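Participant: My structure is stored as upload.json, with JSON, C-alpha atoms.
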```
[["chain", "number", "residue", "atom", "x", "y", "z"],
["A", 1, "MET", "CA", 7.98, -8.60, -15.04],
["A", 2, "ARG", "CA", 5.98, -6.12, -13.06],
["A", 3, "ILE", "CA", 5.78, -4.63, -9.57],
["A", 4, "VAL", "CA", 2.20, -3.72, -8.64],
["A", 5, "ILE", "CA", 1.96, -1.36, -5.68],
["A", 6, "LEU", "CA", -1.48, -1.24, -4.09],
["A", 7, "MET", "CA", -1.79, 2.15, -2.41],
["A", 8, "GLY", "CA", -4.38, 3.88, -0.28],
["A", 9, "VAL", "CA", -5.27, 4.78, 3.27],
["A", 10, "ALA", "CA", -5.37, 2.32, 6.14],
["A", 11, "GLY", "CA", -8.42, 0.10, 5.86],
["A", 12, "SER", "CA", -8.62, 0.31, 2.07],
["A", 13, "GLY", "CA", -7.84, -3.39, 1.73],
["A", 14, "LYS", "CA", -4.24, -3.23, 0.50],
["A", 15, "THR", "CA", -3.12, -6.36, 2.35],
["A", 16, "THR", "CA", -6.26, -8.38, 1.69],
["A", 17, "ILE", "CA", -6.33, -7.54, -2.02],
["A", 18, "GLY", "CA", -2.55, -7.81, -2.29],
["A", 19, "ARG", "CA", -2.45, -11.33, -0.90],
["A", 20, "LEU", "CA", -5.30, -12.45, -3.13],
["A", 21, "LEU", "CA", -3.81, -10.87, -6.25],
["A", 22, "ALA", "CA", -0.33, -12.25, -5.58],
["A", 23, "LYS", "CA", -1.69, -15.74, -4.93],
["A", 24, "ASP", "CA", -3.81, -15.62, -8.08],
["A", 25, "LEU", "CA", -0.82, -14.54, -10.19],
["A", 26, "ASN", "CA", 1.67, -16.77, -8.35],
["A", 27, "TRP", "CA", 3.78, -13.71, -7.51],
["A", 28, "GLY", "CA", 5.47, -12.67, -4.31],
["A", 29, "PHE", "CA", 3.62, -10.45, -1.84],
["A", 30, "TYR", "CA", 5.19, -7.81, 0.38],
["A", 31, "ASP", "CA", 3.30, -5.90, 3.05],
["A", 32, "GLY", "CA", 4.73, -2.40, 3.42],
["A", 33, "ASP", "CA", 3.83, -2.41, 7.12],
["A", 34, "ASP", "CA", 6.52, -5.07, 7.67],
["A", 35, "PHE", "CA", 9.22, -2.59, 6.62],
["A", 36, "HIS", "CA", 8.48, 0.13, 9.16],
["A", 37, "PRO", "CA", 11.26, 0.66, 11.69],
["A", 38, "LYS", "CA", 10.31, -0.16, 15.28],
["A", 39, "ALA", "CA", 10.27, 3.54, 16.15],
["A", 40, "ASN", "CA", 7.54, 4.13, 13.54],
["A", 41, "VAL", "CA", 5.46, 1.22, 14.79],
["A", 42, "ASP", "CA", 5.81, 2.50, 18.36],
["A", 43, "LYS", "CA", 4.65, 5.99, 17.32],
["A", 44, "ILE", "CA", 1.66, 4.61, 15.44],
["A", 45, "ARG", "CA", 0.71, 2.38, 18.39],
["A", 46, "GLN", "CA", 0.71, 5.52, 20.55],
["A", 47, "GLY", "CA", -1.65, 7.25, 18.11],
["A", 48, "ILE", "CA", 1.01, 9.61, 16.74],
["A", 49, "ALA", "CA", 0.89, 10.25, 12.99],
["A", 50, "LEU", "CA", 4.14, 9.77, 11.10],
["A", 51, "THR", "CA", 5.99, 12.67, 9.52],
["A", 52, "ASP", "CA", 7.84, 12.68, 6.21],
["A", 53, "GLU", "CA", 11.06, 12.30, 8.19],
["A", 54, "ASP", "CA", 9.64, 9.24, 9.98],
["A", 55, "ARG", "CA", 8.70, 7.67, 6.67],
["A", 56, "ASP", "CA", 12.15, 8.12, 5.12],
["A", 57, "ALA", "CA", 13.73, 4.87, 6.42],
["A", 58, "TRP", "CA", 10.54, 2.98, 5.58],
["A", 59, "LEU", "CA", 10.51, 4.26, 2.01],
["A", 60, "ALA", "CA", 14.23, 3.49, 1.68],
["A", 61, "ALA", "CA", 13.60, -0.10, 2.77],
["A", 62, "LEU", "CA", 10.75, -0.50, 0.28],
["A", 63, "ASP", "CA", 12.87, 1.06, -2.45],
["A", 64, "ARG", "CA", 15.57, -1.56, -1.79],
["A", 65, "VAL", "CA", 12.98, -4.35, -2.06],
["A", 66, "ILE", "CA", 11.67, -2.98, -5.35],
["A", 67, "ARG", "CA", 15.16, -2.58, -6.82],
["A", 68, "HIS", "CA", 16.08, -6.11, -5.75],
["A", 69, "LEU", "CA", 12.92, -7.57, -7.28],
["A", 70, "ILE", "CA", 13.58, -5.74, -10.54],
["A", 71, "SER", "CA", 17.23, -6.81, -10.62],
["A", 72, "GLU", "CA", 16.15, -10.43, -10.13],
["A", 73, "ALA", "CA", 13.30, -10.06, -12.69],
["A", 74, "HIS", "CA", 10.68, -11.10, -10.12],
["A", 75, "SER", "CA", 7.11, -9.86, -10.34],
["A", 76, "ALA", "CA", 5.47, -8.94, -7.05],
["A", 77, "VAL", "CA", 2.58, -7.19, -5.36],
["A", 78, "ILE", "CA", 3.39, -4.67, -2.65],
["A", 79, "ALA", "CA", 0.84, -3.21, -0.24],
["A", 80, "CYS", "CA", 2.00, 0.29, 0.63],
["A", 81, "SER", "CA", 0.02, 3.38, 1.59],
["A", 82, "ALA", "CA", 2.19, 5.68, -0.59],
["A", 83, "LEU", "CA", -0.08, 8.56, 0.38],
["A", 84, "LYS", "CA", 1.92, 11.38, -1.19],
["A", 85, "GLN", "CA", 3.04, 11.82, -4.77],
["A", 86, "LYS", "CA", 6.65, 12.25, -3.67],
["A", 87, "TYR", "CA", 6.51, 8.83, -1.99],
["A", 88, "ARG", "CA", 5.16, 7.26, -5.18],
["A", 89, "ASP", "CA", 7.81, 9.04, -7.26],
["A", 90, "ARG", "CA", 10.50, 7.70, -4.97],
["A", 91, "LEU", "CA", 9.19, 4.13, -5.11],
["A", 92, "ALA", "CA", 8.75, 4.13, -8.87],
["A", 93, "ALA", "CA", 12.07, 5.94, -9.52],
["A", 94, "ASN", "CA", 11.31, 6.12, -13.26],
["A", 95, "GLN", "CA", 11.18, 2.35, -13.49],
["A", 96, "SER", "CA", 8.60, 1.25, -16.03],
["A", 97, "GLU", "CA", 8.09, -2.06, -14.22],
["A", 98, "VAL", "CA", 6.41, -0.30, -11.27],
["A", 99, "VAL", "CA", 2.70, 0.40, -11.53],
["A", 100, "PHE", "CA", 0.40, 1.85, -8.87],
["A", 101, "VAL", "CA", -3.19, 0.83, -8.21],
["A", 102, "TYR", "CA", -5.16, 3.21, -6.00],
["A", 103, "LEU", "CA", -7.57, 1.39, -3.71],
["A", 104, "LYS", "CA", -10.02, 4.20, -3.17],
["A", 105, "GLY", "CA", -12.66, 4.27, -0.51],
["A", 106, "GLY", "CA", -14.46, 6.57, 1.84],
["A", 107, "TYR", "CA", -13.70, 7.39, 5.44],
["A", 108, "ASP", "CA", -16.66, 5.50, 6.91],
["A", 109, "LEU", "CA", -15.81, 2.19, 5.23],
["A", 110, "ALA", "CA", -12.11, 2.43, 6.14],
["A", 111, "HIS", "CA", -12.99, 3.38, 9.72],
["A", 112, "GLU", "CA", -15.35, 0.43, 10.06],
["A", 113, "ARG", "CA", -12.66, -1.93, 8.77],
["A", 114, "LEU", "CA", -10.04, -0.54, 11.14],
["A", 115, "LEU", "CA", -12.36, -0.97, 14.11],
["A", 116, "SER", "CA", -12.77, -4.66, 13.25],
["A", 117, "ARG", "CA", -9.00, -5.31, 12.89],
["A", 118, "LYS", "CA", -7.27, -7.45, 15.45],
["A", 119, "ASN", "CA", -3.56, -7.31, 16.34],
["A", 120, "HIS", "CA", -2.55, -4.45, 14.05],
["A", 121, "PHE", "CA", -0.57, -1.44, 15.20],
["A", 122, "MET", "CA", -2.57, 1.04, 13.08],
["A", 123, "LYS", "CA", -5.67, 2.09, 14.98],
["A", 124, "ALA", "CA", -8.78, 3.84, 13.73],
["A", 125, "ASP", "CA", -7.93, 7.09, 15.54],
["A", 126, "LEU", "CA", -5.16, 7.83, 13.00],
["A", 127, "LEU", "CA", -7.38, 7.42, 9.95],
["A", 128, "ALA", "CA", -8.24, 11.12, 9.70],
["A", 129, "SER", "CA", -4.51, 11.94, 9.48],
["A", 130, "GLN", "CA", -4.19, 9.47, 6.61],
["A", 131, "PHE", "CA", -6.96, 11.20, 4.67],
["A", 132, "ASP", "CA", -5.37, 14.57, 5.47],
["A", 133, "THR", "CA", -2.01, 13.36, 4.11],
["A", 134, "LEU", "CA", -3.46, 11.59, 1.05],
["A", 135, "GLU", "CA", -2.68, 13.17, -2.31],
["A", 136, "GLU", "CA", -4.97, 11.27, -4.66],
["A", 137, "PRO", "CA", -2.93, 10.00, -7.60],
["A", 138, "GLU", "CA", -3.64, 10.98, -11.16],
["A", 139, "GLY", "CA", -3.15, 8.74, -14.16],
["A", 140, "VAL", "CA", -3.21, 5.46, -12.24],
["A", 141, "LEU", "CA", -5.79, 2.70, -12.03],
["A", 142, "SER", "CA", -8.32, 3.60, -9.34],
["A", 143, "ILE", "CA", -10.54, 0.87, -7.88],
["A", 144, "ASP", "CA", -13.58, 1.32, -5.62],
["A", 145, "VAL", "CA", -12.88, -0.73, -2.49],
["A", 146, "ALA", "CA", -16.54, -1.06, -1.52],
["A", 147, "GLN", "CA", -16.70, -4.13, -3.79],
["A", 148, "GLU", "CA", -15.96, -7.75, -2.92],
["A", 149, "PRO", "CA", -12.23, -8.60, -2.87],
["A", 150, "ASP", "CA", -12.48, -11.15, -5.71],
["A", 151, "ILE", "CA", -14.15, -8.56, -7.93],
["A", 152, "ILE", "CA", -11.42, -6.03, -7.14],
["A", 153, "VAL", "CA", -8.71, -8.58, -7.97],
["A", 154, "ASP", "CA", -10.41, -9.37, -11.29],
["A", 155, "GLN", "CA", -10.69, -5.66, -12.13],
["A", 156, "ILE", "CA", -7.00, -5.12, -11.43],
["A", 157, "LYS", "CA", -5.98, -8.12, -13.52],
["A", 158, "GLN", "CA", -8.19, -7.04, -16.43],
["A", 159, "ALA", "CA", -7.06, -3.41, -16.35],
["A", 160, "LEU", "CA", -3.36, -4.33, -16.17],
["A", 161, "GLY", "CA", -3.58, -7.07, -18.78],
["A", 162, "LEU", "CA", -2.76, -9.80, -16.28],
["A", 163, "ALA", "CA", -5.88, -11.93, -16.75]]
```
Would you mind giving the structure from this file in structure tokens?

Facilitator:
Amino acid sequence: MRIVILMGVAGSGKTTIGRLLAKDLNWGFYDGDDFHPKANVDKIRQGIALTDEDRDAWLAALDRVIRHLISEAHSAVIACSALKQKYRDRLAANQSEVVFVYLKGGYDLAHERLLSRKNHFMKADLLASQFDTLEEPEGVLSIDVAQEPDIIVDQIKQALGLA
């Protein structure tokens, strides 16, 4: 049983890769964006970057999902920005079943992807704040997101022994 959290800035492909990986492994998929309180979504829609305080309820909701999945012995993939180390520490909570995969990419690629998104509350004008907030993780699998999604999924499966 394992919980794979795909982390990175907006536009790094967390949802796309997460859905593909979960489908390939026949695991559940959870998009972290679905757990934001309405107030957070409203702020983001207005182009206002979230604070640590804003993210607290969101992280608490994701923590509950992770704990439930572990208690039920269900493997899953979760797409979640988890930009700061303290967010990742909170989500992992010393649980060996939780593993992070950093979907790493440059500003230009992420910006281009955000500009092409339809019907998402996160707009390209907040991308710089995501890069400013990002604390790149150490000691986790890091994948270059400039590759094709199927290649990224295969790399994750190989590296985590899920192939």

Participant: Could you pull the residues within 12 Å of Ala92 in chain A, counting only C-alpha atoms, minus those fewer than 2 positions along the same chain, as a list in words?

Facilitator: Arg2, Ile3, Val4, Ile5, Leu59, Ala60, Leu62, Asp63, Arg64, Val65, Ile66, Arg67, Ile70, Ala82, Gln85, Lys86, Tyr87, Arg88, Asp89, Arg90, Asn94, Gln95, Ser96, Glu97, Val98, Val99 and Phe100 of chain A

Participant: List every protein, DNA or RNA residue that has an atom no more than 6 Å from (-8.8, 1.6, -3.2) in the file's coordinate frame, counting only C-alpha atoms, and report them as a CSV table (one decimal) with C-alpha atoms, keeping the file's coordinate frame.

Facilitator:
```
chain,number,residue,atom,x,y,z
A,8,GLY,CA,-4.4,3.9,-0.3
A,12,SER,CA,-8.6,0.3,2.1
A,102,TYR,CA,-5.2,3.2,-6.0
A,103,LEU,CA,-7.6,1.4,-3.7
A,104,LYS,CA,-10.0,4.2,-3.2
A,105,GLY,CA,-12.7,4.3,-0.5
A,143,ILE,CA,-10.5,0.9,-7.9
A,144,ASP,CA,-13.6,1.3,-5.6
A,145,VAL,CA,-12.9,-0.7,-2.5
```

Participant: Measure the distance from CA of Leu126 in chain A to CA of Ile48 in chain A in Å and round it to one decimal.

Facilitator: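 Distance reported for this atom pair: 7.4 Å.
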
Participant: Could you state the separation of CA of Ala128 in chain A and CA of Thr51 in chain A in Å, given to one decimal place?

Facilitator: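 A separation of 14.3 Å between them.
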
Participant: What is the distance between CA of Gly18 in chain A and CA of Asp150 in chain A, in Å to one decimal?

Facilitator: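 So the answer is 11.0 Å.
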
Participant: Measuring between only C-alpha atoms, which one of A:Leu50, A:Ala10, A:Ala39, A:Ala163 shows the shortest distance to Ala79 in chain A?

Facilitator: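 With only C-alpha atoms as the atom set, the closest residue is A:Ala10.
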
Participant: A:Lys43, A:Arg55, A:Lys14, A:Arg113: which is nearest Val101 in chain A, counting only C-alpha atoms?

Facilitator: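 Selected residue with least distance to Val101 in chain A: A:Lys14.
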
Participant: Compile the contact shell of Trp58 in chain A as a PyMOL selection string: residues with an atom at most 8 Å away, counting only C-alpha atoms, same-chain residues fewer than 3 positions apart removed.

Facilitator: chain A and resi 35-37+54-55+61-62

Participant: Using only C-alpha atoms for the distances, tell me which of A:Ile17, A:Met1, A:Gly11, A:Asp34 is nearest to Leu69 in chain A.

Facilitator: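 The shortest atom-to-atom distance to Leu69 in chain A comes from A:Met1.
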
Participant: Quick one: of A:Ala76, A:Lys157, A:Ala49, A:Pro149, who's nearest to Asp132 in chain A, counting only C-alpha atoms?

Facilitator: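 Counting only C-alpha atoms, the residue closest to Asp132 in chain A is A:Ala49.
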